[in-house]
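Asks: Enclosed is the structure file coords08.csv (CSV, C-alpha atoms (C1' of nucleotides)).
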chain,number,residue,atom,x,y,z
A,5,MET,CA,82.2,100.7,108.6
A,6,PRO,CA,81.4,104.4,109.3
A,7,THR,CA,84.7,105.4,110.7
A,8,ASP,CA,86.9,104.0,108.0
A,9,THR,CA,87.3,107.0,105.8
A,10,THR,CA,91.1,106.9,106.0
A,11,SER,CA,91.8,104.4,103.2
A,12,PRO,CA,90.3,105.5,100.0
A,13,ARG,CA,92.2,102.8,98.0
A,14,ALA,CA,90.9,99.9,100.0
A,15,SER,CA,89.5,98.3,96.9
A,16,SER,CA,91.1,96.9,93.8
A,17,GLY,CA,91.5,93.5,95.3
A,18,SER,CA,93.4,94.6,98.3
A,19,ARG,CA,91.1,94.2,101.2
A,20,SER,CA,93.8,92.8,103.4
A,21,LEU,CA,93.6,90.1,106.0
A,22,GLU,CA,95.5,89.7,109.2
A,23,HIS,CA,98.0,87.0,109.4
A,24,PRO,CA,100.3,86.1,112.3
A,25,ALA,CA,104.0,86.7,111.8
A,26,ARG,CA,106.1,83.7,111.4
A,27,ALA,CA,107.6,84.1,114.9
A,28,ASP,CA,104.1,84.2,116.4
A,29,ILE,CA,103.0,80.9,115.2
A,30,ARG,CA,102.7,78.4,118.0
A,31,LEU,CA,102.9,74.6,117.7
A,32,ALA,CA,99.8,74.0,119.9
A,33,ASP,CA,97.8,76.4,117.7
A,34,VAL,CA,98.9,74.7,114.5
A,35,LEU,CA,98.0,71.3,115.9
A,36,HIS,CA,94.7,72.6,117.1
A,37,ALA,CA,94.0,74.0,113.7
A,38,LEU,CA,94.8,70.6,112.1
A,39,ALA,CA,92.8,68.6,114.7
A,40,ASP,CA,89.5,69.1,112.9
A,41,PRO,CA,88.5,66.8,110.1
A,42,VAL,CA,87.1,69.6,108.0
A,43,ARG,CA,90.2,71.7,108.3
A,44,LEU,CA,92.5,68.7,107.7
A,45,ARG,CA,90.6,68.2,104.5
A,46,ILE,CA,91.2,71.8,103.5
A,47,VAL,CA,94.9,71.6,104.2
A,48,CYS,CA,95.2,68.4,102.3
A,49,ALA,CA,93.4,69.9,99.3
A,50,LEU,CA,95.6,73.0,99.4
A,51,ALA,CA,98.7,70.9,99.7
A,52,ALA,CA,97.6,68.8,96.7
A,53,ALA,CA,96.9,71.8,94.7
A,54,GLU,CA,100.4,73.2,95.2
A,55,GLY,CA,99.1,76.6,94.3
A,56,GLU,CA,96.2,78.7,95.3
A,57,LEU,CA,92.7,77.6,95.6
A,58,ASN,CA,89.4,79.4,95.7
A,59,CYS,CA,87.4,78.9,98.8
A,60,ALA,CA,84.6,77.3,96.8
A,61,ASP,CA,87.0,74.9,95.0
A,62,ILE,CA,87.1,72.6,98.0
A,63,GLU,CA,84.0,70.5,98.6
A,64,LEU,CA,83.1,70.4,102.2
A,65,PRO,CA,80.2,68.9,104.0
A,66,VAL,CA,79.4,72.1,105.9
A,67,SER,CA,77.6,75.4,105.2
A,68,LYS,CA,79.2,78.4,103.7
A,69,SER,CA,79.4,80.2,107.0
A,70,THR,CA,81.1,77.3,108.7
A,71,CYS,CA,83.5,77.1,105.8
A,72,THR,CA,84.5,80.7,106.3
A,73,HIS,CA,85.0,80.0,109.9
A,74,HIS,CA,87.4,77.1,109.3
A,75,PHE,CA,89.4,79.1,106.8
A,76,ARG,CA,89.7,81.9,109.3
A,77,VAL,CA,90.9,79.5,112.0
A,78,LEU,CA,93.5,78.2,109.7
A,79,ARG,CA,94.6,81.6,108.8
A,80,GLU,CA,94.7,83.0,112.3
A,81,HIS,CA,96.7,80.1,113.5
A,82,GLY,CA,99.3,80.6,110.8
A,83,VAL,CA,98.6,77.5,108.7
A,84,ILE,CA,97.3,79.2,105.5
A,85,GLN,CA,97.5,82.6,103.9
A,86,GLN,CA,94.6,84.3,102.2
A,87,LEU,CA,94.3,87.2,99.9
A,88,TYR,CA,91.5,88.7,97.9
A,89,ARG,CA,91.6,88.6,94.1
A,90,GLY,CA,88.6,90.3,92.7
A,91,THR,CA,85.6,88.5,94.0
A,92,ALA,CA,87.4,85.4,95.0
A,93,LYS,CA,89.7,84.7,97.9
A,94,MET,CA,92.7,82.7,97.2
A,95,ASN,CA,94.1,80.3,99.8
A,96,GLY,CA,97.5,78.8,100.1
A,97,LEU,CA,99.5,76.8,102.6
A,98,ARG,CA,102.2,78.7,104.4
A,99,ARG,CA,104.6,75.9,103.7
A,100,ALA,CA,107.8,77.9,103.9
A,101,ASP,CA,107.0,79.4,107.3
A,102,LEU,CA,105.8,76.1,108.8
A,103,GLU,CA,108.8,74.3,107.4
A,104,ALA,CA,111.1,76.8,108.9
A,105,LEU,CA,109.5,76.6,112.3
A,106,PHE,CA,108.6,72.9,112.5
A,107,PRO,CA,110.6,71.1,109.9
A,108,GLY,CA,108.9,67.9,108.6
A,109,LEU,CA,105.8,68.4,110.7
A,110,ILE,CA,103.4,69.4,107.9
A,111,ASP,CA,104.7,66.7,105.6
A,112,GLY,CA,104.3,64.2,108.3
A,113,VAL,CA,100.7,65.2,109.0
A,114,LEU,CA,99.9,65.2,105.3
A,115,ARG,CA,101.4,61.8,104.8
A,116,ALA,CA,99.6,60.5,107.8
A,117,ALA,CA,96.3,61.9,106.5
A,118,GLU,CA,96.9,60.2,103.1
A,119,LEU,CA,97.8,56.9,104.8
A,120,GLN,CA,94.7,57.0,107.0
A,121,ALA,CA,92.5,57.9,104.0
A,122,GLY,CA,93.8,54.9,102.1
A,123,ARG,CA,93.4,52.7,105.1
A,124,LEU,CA,89.9,53.8,105.9
A,125,GLY,CA,88.9,53.9,102.2
A,126,GLN,CA,89.6,50.3,101.3
A,127,GLU,CA,88.6,48.5,104.4
B,2,MET,CA,83.3,46.3,143.2
B,3,PRO,CA,80.7,43.8,144.2
B,4,THR,CA,80.0,42.1,140.9
B,5,ASP,CA,83.6,41.5,140.0
B,6,THR,CA,84.1,38.0,141.4
B,7,THR,CA,85.1,36.5,138.1
B,8,SER,CA,88.8,37.5,138.2
B,9,PRO,CA,90.4,36.3,141.4
B,10,ARG,CA,93.8,37.7,140.3
B,11,ALA,CA,92.4,41.2,139.8
B,12,SER,CA,95.0,42.5,142.1
B,13,SER,CA,98.8,42.6,141.8
B,14,GLY,CA,98.7,45.6,139.6
B,15,SER,CA,96.1,44.6,137.0
B,16,ARG,CA,93.3,47.0,137.3
B,17,SER,CA,93.1,47.3,133.6
B,18,LEU,CA,92.3,50.4,131.6
B,19,GLU,CA,90.6,50.7,128.2
B,20,HIS,CA,92.9,51.5,125.3
B,21,PRO,CA,91.8,51.9,121.7
B,22,ALA,CA,93.1,49.2,119.3
B,23,ARG,CA,95.7,50.3,116.9
B,24,ALA,CA,93.3,50.3,114.0
B,25,ASP,CA,90.9,52.6,115.9
B,26,ILE,CA,93.4,55.4,116.3
B,27,ARG,CA,92.4,58.4,114.2
B,28,LEU,CA,94.7,61.1,113.1
B,29,ALA,CA,92.4,63.9,114.0
B,30,ASP,CA,92.1,62.5,117.5
B,31,VAL,CA,95.8,62.2,117.9
B,32,LEU,CA,96.3,65.8,116.8
B,33,HIS,CA,93.6,67.0,119.1
B,34,ALA,CA,95.2,65.2,122.0
B,35,LEU,CA,98.5,66.9,121.1
B,36,ALA,CA,97.0,70.3,120.7
B,37,ASP,CA,97.0,71.2,124.4
B,38,PRO,CA,100.1,72.6,125.9
B,39,VAL,CA,99.8,70.5,129.1
B,40,ARG,CA,99.4,67.4,127.1
B,41,LEU,CA,102.2,68.3,124.8
B,42,ARG,CA,104.4,68.6,127.8
B,43,ILE,CA,103.3,65.2,129.1
B,44,VAL,CA,104.1,63.6,125.8
B,45,CYS,CA,107.5,65.3,125.6
B,46,ALA,CA,108.3,64.1,129.1
B,47,LEU,CA,107.3,60.6,128.3
B,48,ALA,CA,109.3,60.6,125.1
B,49,ALA,CA,112.4,61.9,126.9
B,50,ALA,CA,112.0,59.3,129.6
B,51,GLU,CA,112.0,56.5,127.0
B,52,GLY,CA,110.4,54.3,129.6
B,53,GLU,CA,107.5,54.5,131.9
B,54,LEU,CA,106.7,57.4,134.1
B,55,ASN,CA,104.6,57.7,137.2
B,56,CYS,CA,101.8,60.2,136.9
B,57,ALA,CA,103.3,62.4,139.6
B,58,ASP,CA,106.8,62.4,138.0
B,59,ILE,CA,105.8,65.1,135.6
B,60,GLU,CA,105.5,68.5,137.0
B,61,LEU,CA,102.4,70.2,135.6
B,62,PRO,CA,100.8,73.6,136.4
B,63,VAL,CA,97.4,72.1,136.9
B,64,SER,CA,95.6,70.3,139.7
B,65,LYS,CA,95.5,66.6,140.2
B,66,SER,CA,92.1,66.2,138.8
B,67,THR,CA,93.0,68.1,135.6
B,68,CYS,CA,96.1,66.0,135.4
B,69,THR,CA,94.1,62.8,135.5
B,70,HIS,CA,91.8,64.2,132.8
B,71,HIS,CA,94.7,65.0,130.4
B,72,PHE,CA,96.2,61.6,130.9
B,73,ARG,CA,92.9,60.0,130.1
B,74,VAL,CA,92.5,62.1,127.0
B,75,LEU,CA,95.9,60.9,125.8
B,76,ARG,CA,95.1,57.3,126.6
B,77,GLU,CA,91.6,57.3,125.0
B,78,HIS,CA,93.0,58.9,121.9
B,79,GLY,CA,95.7,56.3,121.6
B,80,VAL,CA,98.7,58.4,122.3
B,81,ILE,CA,99.8,56.7,125.5
B,82,GLN,CA,99.3,53.5,127.4
B,83,GLN,CA,98.7,53.3,131.1
B,84,LEU,CA,98.8,50.4,133.5
B,85,TYR,CA,98.6,50.1,137.2
B,86,ARG,CA,101.6,48.9,139.2
B,87,GLY,CA,100.7,48.8,142.8
B,88,THR,CA,99.6,52.2,143.9
B,89,ALA,CA,101.2,54.0,141.0
B,90,LYS,CA,100.1,54.2,137.4
B,91,MET,CA,102.8,53.9,134.8
B,92,ASN,CA,102.5,55.8,131.6
B,93,GLY,CA,104.3,55.2,128.3
B,94,LEU,CA,104.1,56.5,124.7
B,95,ARG,CA,102.6,54.2,122.2
B,96,ARG,CA,105.5,54.8,119.9
B,97,ALA,CA,105.2,51.6,117.9
B,98,ASP,CA,101.5,51.9,117.2
B,99,LEU,CA,101.8,55.6,116.3
B,100,GLU,CA,104.8,55.0,114.1
B,101,ALA,CA,103.1,52.2,112.3
B,102,LEU,CA,100.0,54.3,111.6
B,103,PHE,CA,101.6,57.7,111.0
B,104,PRO,CA,105.3,57.2,110.4
B,105,GLY,CA,107.4,60.2,111.4
B,106,LEU,CA,104.5,62.1,112.8
B,107,ILE,CA,105.3,61.8,116.5
B,108,ASP,CA,109.0,62.5,115.9
B,109,GLY,CA,108.1,65.5,113.9
B,110,VAL,CA,105.8,66.9,116.7
B,111,LEU,CA,108.4,66.2,119.4
B,112,ARG,CA,111.1,67.8,117.4
B,113,ALA,CA,108.9,70.8,116.7
B,114,ALA,CA,108.1,71.1,120.4
B,115,GLU,CA,111.8,71.1,121.2
B,116,LEU,CA,112.6,73.7,118.6
B,117,GLN,CA,109.9,75.9,119.8
B,118,ALA,CA,110.9,75.5,123.4
B,119,GLY,CA,114.4,76.5,122.5
B,120,ARG,CA,113.2,79.4,120.5
B,121,LEU,CA,110.8,80.7,123.1
B,122,GLY,CA,113.2,80.1,125.9
B,123,GLN,CA,116.1,82.2,124.7
B,124,GLU,CA,114.4,85.1,123.2
C,4,DG,C1',73.0,101.7,87.5
C,5,DC,C1',71.5,96.8,88.4
C,6,DA,C1',71.7,92.1,89.3
C,7,DC,C1',74.5,88.4,90.4
C,8,DT,C1',78.1,85.9,92.9
C,9,DC,C1',81.5,85.3,96.5
C,10,DA,C1',82.6,85.7,100.8
C,11,DT,C1',81.9,88.0,105.5
C,12,DA,C1',79.7,89.5,109.8
C,13,DC,C1',76.5,88.8,113.3
C,14,DG,C1',73.6,86.5,116.3
C,15,DA,C1',72.0,82.2,118.2
C,16,DT,C1',72.5,77.6,119.8
C,17,DA,C1',74.2,73.3,121.4
C,18,DG,C1',77.9,70.8,122.7
C,19,DG,C1',82.7,70.0,124.1
C,20,DC,C1',86.6,71.0,126.9
C,21,DG,C1',89.8,72.7,130.6
C,22,DT,C1',89.7,73.7,135.2
C,23,DC,C1',88.8,72.8,139.9
C,24,DG,C1',87.2,70.9,144.6
C,25,DT,C1',85.5,67.2,147.1
C,26,DA,C1',84.5,62.6,148.0
C,27,DG,C1',85.7,58.0,147.2
C,28,DT,C1',88.5,53.7,145.9
C,29,DA,C1',92.6,50.6,145.5
C,30,DC,C1',97.5,49.4,147.3
C,31,DG,C1',101.1,49.1,150.4
C,32,DG,C1',103.3,49.5,154.9
C,33,DC,C1',103.0,49.7,159.9
D,25,DG,C1',93.3,46.2,161.0
D,26,DC,C1',94.4,51.1,160.1
D,27,DC,C1',96.4,54.9,158.0
D,28,DG,C1',98.8,57.3,154.3
D,29,DT,C1',99.4,57.7,149.4
D,30,DA,C1',98.1,57.6,144.5
D,31,DC,C1',94.8,58.1,141.6
D,32,DT,C1',89.8,58.3,140.1
D,33,DA,C1',84.8,59.7,139.7
D,34,DC,C1',81.5,63.2,139.8
D,35,DG,C1',79.5,67.5,139.7
D,36,DA,C1',80.1,72.3,138.6
D,37,DC,C1',81.6,76.3,136.3
D,38,DG,C1',83.0,79.2,132.5
D,39,DC,C1',84.9,79.5,128.1
D,40,DC,C1',85.6,78.2,123.6
D,41,DT,C1',84.0,76.2,119.3
D,42,DA,C1',81.4,74.0,115.4
D,43,DT,C1',77.3,74.7,113.3
D,44,DC,C1',73.7,77.3,111.0
D,45,DG,C1',70.6,81.1,108.9
D,46,DT,C1',70.2,85.6,107.5
D,47,DA,C1',71.7,90.0,106.3
D,48,DT,C1',75.5,92.8,104.4
D,49,DG,C1',79.5,94.4,101.7
D,50,DA,C1',82.8,94.0,97.6
D,51,DG,C1',83.6,93.0,92.9
D,52,DT,C1',82.2,91.7,88.0
D,53,DG,C1',79.5,91.8,83.9
D,54,DC,C1',75.4,93.5,81.4
Give the structure from the file, written as C-alpha cells.
Replies:
Amino acid sequence: MPTDTTSPRASSGSRSLEHPARADIRLADVLHALADPVRLRIVCALAAAEGELNCADIELPVSKSTCTHHFRVLREHGVIQQLYRGTAKMNGLRRADLEALFPGLIDGVLRAAELQAGRLGQE
Amino acid sequence: MPTDTTSPRASSGSRSLEHPARADIRLADVLHALADPVRLRIVCALAAAEGELNCADIELPVSKSTCTHHFRVLREHGVIQQLYRGTAKMNGLRRADLEALFPGLIDGVLRAAELQAGRLGQE
DNA sequence: GCACTCATACGATAGGCGTCGTAGTACGGC
DNA sequence: GCCGTACTACGACGCCTATCGTATGAGTGC
C-alpha cells in the first residue's frame, strides 16, 4: 500500500473494515447472504456463541481463502460485524440492526436451520 | 407428445408440473429462491392475493421468458405450487408446507419485505 | 530482529444465474 | 379447422460467485 502514508496509527488492532450502515442493509442481500450452506453454518455458530468468535473457531469444509470470502460476504451484506483484535478477527452477528430492520427474521431463519438440522440428522 | 397415450384425460387442465415433496424442501434453497428482488415481489403478490394468481397478473419488470424462469425457480425450490387451468397457469404459495417445515419464516420474510418497502418508499 | 500464526489479496477457474429473443406447444373460442 | 392467447423450451450472452493455491501483510512471542 504505497500511497497510504496518511494514517500512522493504523496498527494497534484497529485495521478497520467497511460495514454497511443499518439503513443500507437490504432484505434481498441478507437473504442472499444466508442462502449459502456454509454461510448459514457460520451464522448459526455465531448465534449460538452469543458473543464473538474467531474466524478459525468455526469448522468449515472449505479452504481458508473461501472462508475469508464467505465472512466478507456476510459482512458486506450487513449480517455480521468484524473487527481486528491483535492477530485474530472477531466476528459477531448484527442482531440489533437486523432485528430493528426485519423483526423476527433472523430468529426465524435460525430456528428453521435448527429444525432442519434435527430433521436431517436423525432420519 | 407422441408417446403419451397412457393418460386419456391428460387435458382439462392437468398438464402436471413437478414439485418437490415437503420433505425435500431445503432451507438454503428457499432462502436462495427468496433472495432475488423479482421473486420476492412475486411471493409478496401471491401472499397478498391469498388465493391463486395467473402468471400474467403480476406486473414484473422483466420479459416473459425471465418471468417463466423465476416462477420455475420458486416452484422447484418448493416455495410455490403451479397448476394449469386451461390456457392459464395458476400460482399459489405453499404456505402449509413452508409453515410446517420452517414455522414463522415466511411470515417473517413477508413482513420484512413490507417494512422495507415502506421504508424505501417514503424516504 | 526473526519466526510463526492469522487472515487477506490476487489471480485463475469452473459453474451457476439472470436476462433476453425466437421458436414452439397447449387451450379455448370463432 | 383456424387463429389468438398463454406459457414453455432452447440457445446465447454476460455477470456474478464459490472454490482454490500461493504470495503478502499484520501482530505476537522468543
Asks: As a JSON list (two decimals) with C-alpha atoms, in the frame of the given file, please: chain A after a least-squares superposition onto chain B using all C-alpha atoms matched in order.
Replies:
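Produced file selection_30.json, reproduced below:
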[["chain", "number", "residue", "atom", "x", "y", "z"],
["A", 5, "MET", "CA", 81.67, 47.99, 142.37],
["A", 6, "PRO", "CA", 78.97, 45.63, 143.78],
["A", 7, "THR", "CA", 78.47, 43.53, 140.74],
["A", 8, "ASP", "CA", 82.07, 42.73, 140.02],
["A", 9, "THR", "CA", 82.43, 39.47, 141.82],
["A", 10, "THR", "CA", 83.62, 37.65, 138.69],
["A", 11, "SER", "CA", 87.34, 38.48, 138.86],
["A", 12, "PRO", "CA", 88.81, 37.43, 142.09],
["A", 13, "ARG", "CA", 92.41, 38.04, 140.83],
["A", 14, "ALA", "CA", 91.85, 41.63, 139.89],
["A", 15, "SER", "CA", 94.64, 42.74, 142.15],
["A", 16, "SER", "CA", 98.35, 42.13, 142.12],
["A", 17, "GLY", "CA", 99.01, 45.10, 139.94],
["A", 18, "SER", "CA", 96.73, 44.11, 137.19],
["A", 19, "ARG", "CA", 93.85, 46.47, 137.32],
["A", 20, "SER", "CA", 93.73, 46.84, 133.59],
["A", 21, "LEU", "CA", 92.96, 49.88, 131.52],
["A", 22, "GLU", "CA", 91.28, 50.16, 128.19],
["A", 23, "HIS", "CA", 93.33, 51.10, 125.28],
["A", 24, "PRO", "CA", 92.27, 51.48, 121.64],
["A", 25, "ALA", "CA", 93.62, 48.94, 119.19],
["A", 26, "ARG", "CA", 96.17, 50.16, 116.82],
["A", 27, "ALA", "CA", 93.70, 50.08, 113.89],
["A", 28, "ASP", "CA", 91.27, 52.25, 115.87],
["A", 29, "ILE", "CA", 93.52, 55.12, 116.36],
["A", 30, "ARG", "CA", 92.46, 58.11, 114.32],
["A", 31, "LEU", "CA", 94.69, 60.98, 113.14],
["A", 32, "ALA", "CA", 92.19, 63.70, 114.22],
["A", 33, "ASP", "CA", 92.04, 62.16, 117.71],
["A", 34, "VAL", "CA", 95.82, 62.02, 118.03],
["A", 35, "LEU", "CA", 96.12, 65.64, 116.94],
["A", 36, "HIS", "CA", 93.39, 66.64, 119.29],
["A", 37, "ALA", "CA", 95.14, 64.88, 122.09],
["A", 38, "LEU", "CA", 98.40, 66.74, 121.27],
["A", 39, "ALA", "CA", 96.67, 70.14, 120.83],
["A", 40, "ASP", "CA", 96.72, 70.92, 124.54],
["A", 41, "PRO", "CA", 99.76, 72.47, 126.11],
["A", 42, "VAL", "CA", 99.54, 70.32, 129.20],
["A", 43, "ARG", "CA", 99.29, 67.12, 127.26],
["A", 44, "LEU", "CA", 102.07, 68.17, 124.84],
["A", 45, "ARG", "CA", 104.21, 68.62, 127.89],
["A", 46, "ILE", "CA", 103.39, 65.12, 129.07],
["A", 47, "VAL", "CA", 104.19, 63.58, 125.72],
["A", 48, "CYS", "CA", 107.42, 65.44, 125.51],
["A", 49, "ALA", "CA", 108.43, 64.29, 129.00],
["A", 50, "LEU", "CA", 107.53, 60.68, 128.17],
["A", 51, "ALA", "CA", 109.40, 60.86, 124.92],
["A", 52, "ALA", "CA", 112.47, 62.24, 126.74],
["A", 53, "ALA", "CA", 112.30, 59.61, 129.29],
["A", 54, "GLU", "CA", 112.39, 56.82, 126.71],
["A", 55, "GLY", "CA", 110.94, 54.49, 129.27],
["A", 56, "GLU", "CA", 108.10, 54.59, 131.66],
["A", 57, "LEU", "CA", 107.23, 57.37, 133.91],
["A", 58, "ASN", "CA", 105.12, 57.65, 137.01],
["A", 59, "CYS", "CA", 102.23, 59.99, 136.77],
["A", 60, "ALA", "CA", 103.67, 62.14, 139.54],
["A", 61, "ASP", "CA", 107.13, 62.31, 137.88],
["A", 62, "ILE", "CA", 105.95, 64.99, 135.48],
["A", 63, "GLU", "CA", 105.48, 68.45, 136.94],
["A", 64, "LEU", "CA", 102.37, 70.05, 135.70],
["A", 65, "PRO", "CA", 100.72, 73.28, 136.55],
["A", 66, "VAL", "CA", 97.32, 71.67, 137.15],
["A", 67, "SER", "CA", 95.60, 69.74, 139.97],
["A", 68, "LYS", "CA", 95.81, 66.06, 140.44],
["A", 69, "SER", "CA", 92.35, 65.47, 139.08],
["A", 70, "THR", "CA", 93.05, 67.43, 135.93],
["A", 71, "CYS", "CA", 96.26, 65.50, 135.53],
["A", 72, "THR", "CA", 94.39, 62.23, 135.60],
["A", 73, "HIS", "CA", 92.06, 63.59, 133.06],
["A", 74, "HIS", "CA", 94.82, 64.51, 130.60],
["A", 75, "PHE", "CA", 96.47, 61.14, 130.98],
["A", 76, "ARG", "CA", 93.17, 59.46, 130.28],
["A", 77, "VAL", "CA", 92.65, 61.56, 127.15],
["A", 78, "LEU", "CA", 96.02, 60.59, 125.93],
["A", 79, "ARG", "CA", 95.38, 57.02, 126.60],
["A", 80, "GLU", "CA", 91.93, 56.87, 125.08],
["A", 81, "HIS", "CA", 93.13, 58.52, 121.97],
["A", 82, "GLY", "CA", 95.90, 55.99, 121.52],
["A", 83, "VAL", "CA", 98.90, 58.23, 122.24],
["A", 84, "ILE", "CA", 100.13, 56.60, 125.50],
["A", 85, "GLN", "CA", 99.75, 53.29, 127.25],
["A", 86, "GLN", "CA", 99.25, 52.92, 130.97],
["A", 87, "LEU", "CA", 99.51, 50.07, 133.33],
["A", 88, "TYR", "CA", 99.38, 49.72, 137.07],
["A", 89, "ARG", "CA", 102.48, 48.64, 138.99],
["A", 90, "GLY", "CA", 101.71, 48.41, 142.62],
["A", 91, "THR", "CA", 100.57, 51.79, 143.73],
["A", 92, "ALA", "CA", 101.96, 53.65, 140.82],
["A", 93, "LYS", "CA", 100.79, 53.87, 137.24],
["A", 94, "MET", "CA", 103.38, 53.73, 134.64],
["A", 95, "ASN", "CA", 103.01, 55.70, 131.40],
["A", 96, "GLY", "CA", 104.68, 55.24, 128.10],
["A", 97, "LEU", "CA", 104.39, 56.55, 124.57],
["A", 98, "ARG", "CA", 102.92, 54.15, 122.08],
["A", 99, "ARG", "CA", 105.71, 54.96, 119.70],
["A", 100, "ALA", "CA", 105.63, 51.76, 117.70],
["A", 101, "ASP", "CA", 101.90, 51.96, 116.97],
["A", 102, "LEU", "CA", 101.97, 55.67, 116.09],
["A", 103, "GLU", "CA", 105.01, 55.16, 113.92],
["A", 104, "ALA", "CA", 103.34, 52.40, 112.09],
["A", 105, "LEU", "CA", 100.20, 54.38, 111.46],
["A", 106, "PHE", "CA", 101.61, 57.88, 110.92],
["A", 107, "PRO", "CA", 105.26, 57.54, 110.18],
["A", 108, "GLY", "CA", 107.33, 60.61, 111.22],
["A", 109, "LEU", "CA", 104.36, 62.42, 112.69],
["A", 110, "ILE", "CA", 105.26, 62.04, 116.38],
["A", 111, "ASP", "CA", 108.89, 62.87, 115.75],
["A", 112, "GLY", "CA", 107.88, 65.88, 113.85],
["A", 113, "VAL", "CA", 105.59, 67.14, 116.61],
["A", 114, "LEU", "CA", 108.25, 66.47, 119.22],
["A", 115, "ARG", "CA", 110.88, 68.28, 117.25],
["A", 116, "ALA", "CA", 108.55, 71.14, 116.66],
["A", 117, "ALA", "CA", 107.75, 71.33, 120.38],
["A", 118, "GLU", "CA", 111.51, 71.40, 121.20],
["A", 119, "LEU", "CA", 112.13, 74.09, 118.56],
["A", 120, "GLN", "CA", 109.29, 76.25, 119.86],
["A", 121, "ALA", "CA", 110.46, 75.79, 123.47],
["A", 122, "GLY", "CA", 113.93, 76.97, 122.53],
["A", 123, "ARG", "CA", 112.53, 79.83, 120.56],
["A", 124, "LEU", "CA", 110.15, 80.98, 123.23],
["A", 125, "GLY", "CA", 112.69, 80.34, 126.02],
["A", 126, "GLN", "CA", 115.46, 82.61, 124.84],
["A", 127, "GLU", "CA", 113.57, 85.48, 123.41]]
Asks: Just need the residues of chain D within 10 Å of chain B, counting only C-alpha atoms (C1' of nucleotides), so spit them out as a VMD selection string.
Replies: chain D and resid 29 to 33
Asks: Just need the residues of chain B within 7 Å of chain A, counting all atoms listed in the file, so spit them out as a JSON list (two decimals) with C-alpha atoms, in the frame of the given file.
Replies:
[["chain", "number", "residue", "atom", "x", "y", "z"],
["B", 28, "LEU", "CA", 94.70, 61.10, 113.10],
["B", 29, "ALA", "CA", 92.40, 63.90, 114.00],
["B", 30, "ASP", "CA", 92.10, 62.50, 117.50],
["B", 32, "LEU", "CA", 96.30, 65.80, 116.80],
["B", 33, "HIS", "CA", 93.60, 67.00, 119.10],
["B", 35, "LEU", "CA", 98.50, 66.90, 121.10],
["B", 36, "ALA", "CA", 97.00, 70.30, 120.70],
["B", 37, "ASP", "CA", 97.00, 71.20, 124.40],
["B", 38, "PRO", "CA", 100.10, 72.60, 125.90],
["B", 103, "PHE", "CA", 101.60, 57.70, 111.00],
["B", 105, "GLY", "CA", 107.40, 60.20, 111.40],
["B", 106, "LEU", "CA", 104.50, 62.10, 112.80],
["B", 109, "GLY", "CA", 108.10, 65.50, 113.90],
["B", 110, "VAL", "CA", 105.80, 66.90, 116.70],
["B", 113, "ALA", "CA", 108.90, 70.80, 116.70],
["B", 114, "ALA", "CA", 108.10, 71.10, 120.40]]
Asks: C1' of DG14 (chain C) and C1' of DG49 (chain D), how far apart in Å?
Replies: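 For C1' of DG49 (chain D) relative to C1' of DG14 (chain C), the distance reads 17.6 Å.
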Asks: What are the closest atom pairs, with distances in Å to one decimal, for all residues of chain C lying within 10 Å of chain A? Consider all atoms listed in the file, order rows by chain and residue number, and present the result as JSON lines.
Replies:
{"residue": "C:DT8", "atom": "C1'", "partner": "A:Thr91", "partner_atom": "CA", "distance": 8.0}
{"residue": "C:DC9", "atom": "C1'", "partner": "A:Thr91", "partner_atom": "CA", "distance": 5.8}
{"residue": "C:DA10", "atom": "C1'", "partner": "A:Ala92", "partner_atom": "CA", "distance": 7.5}
{"residue": "C:DT11", "atom": "C1'", "partner": "A:Thr72", "partner_atom": "CA", "distance": 7.8}
{"residue": "C:DA12", "atom": "C1'", "partner": "A:Ser69", "partner_atom": "CA", "distance": 9.7}
Asks: Measure the distance from CA of Arg96 (chain B) to CA of Glu19 (chain B) in Å and round it to one decimal.
Replies: 17.5 Å
Asks: If you count all atoms listed in the file, which residues fall within 12 Å of DA6 (chain C), apart from same-chain ones fewer than 6 positions away, as number ranges by chain?
Replies: D: 52-54
Asks: Just the number, please: distance in Å from C1' of DA42 (chain D) to CA of Ile81 (chain B), one decimal.
Replies: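 Computed distance, C1' of DA42 (chain D) to CA of Ile81 (chain B), equals 27.2 Å.
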Asks: Within 10 Å of DC13 (chain C), counting all atoms listed in the file, which residues show up once you throw out same-chain ones fewer than 3 positions away? Write them as a list of chain:residue names, please.
Replies: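 Listing them by chain and then by number gives D:DT46, D:DA47, D:DT48.
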Asks: Quick one: everything within 10 Å of DG24 (chain C), counting only C-alpha atoms (C1' of nucleotides), minus sequence neighbours fewer than 6 positions away in the same chain. Send it as a CSV table (one decimal) with C-alpha atoms (C1' of nucleotides), keeping the file's coordinate frame.
Replies:
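Result written to around.csv:
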chain,number,residue,atom,x,y,z
B,64,SER,CA,95.6,70.3,139.7
B,66,SER,CA,92.1,66.2,138.8
D,35,DG,C1',79.5,67.5,139.7
D,36,DA,C1',80.1,72.3,138.6
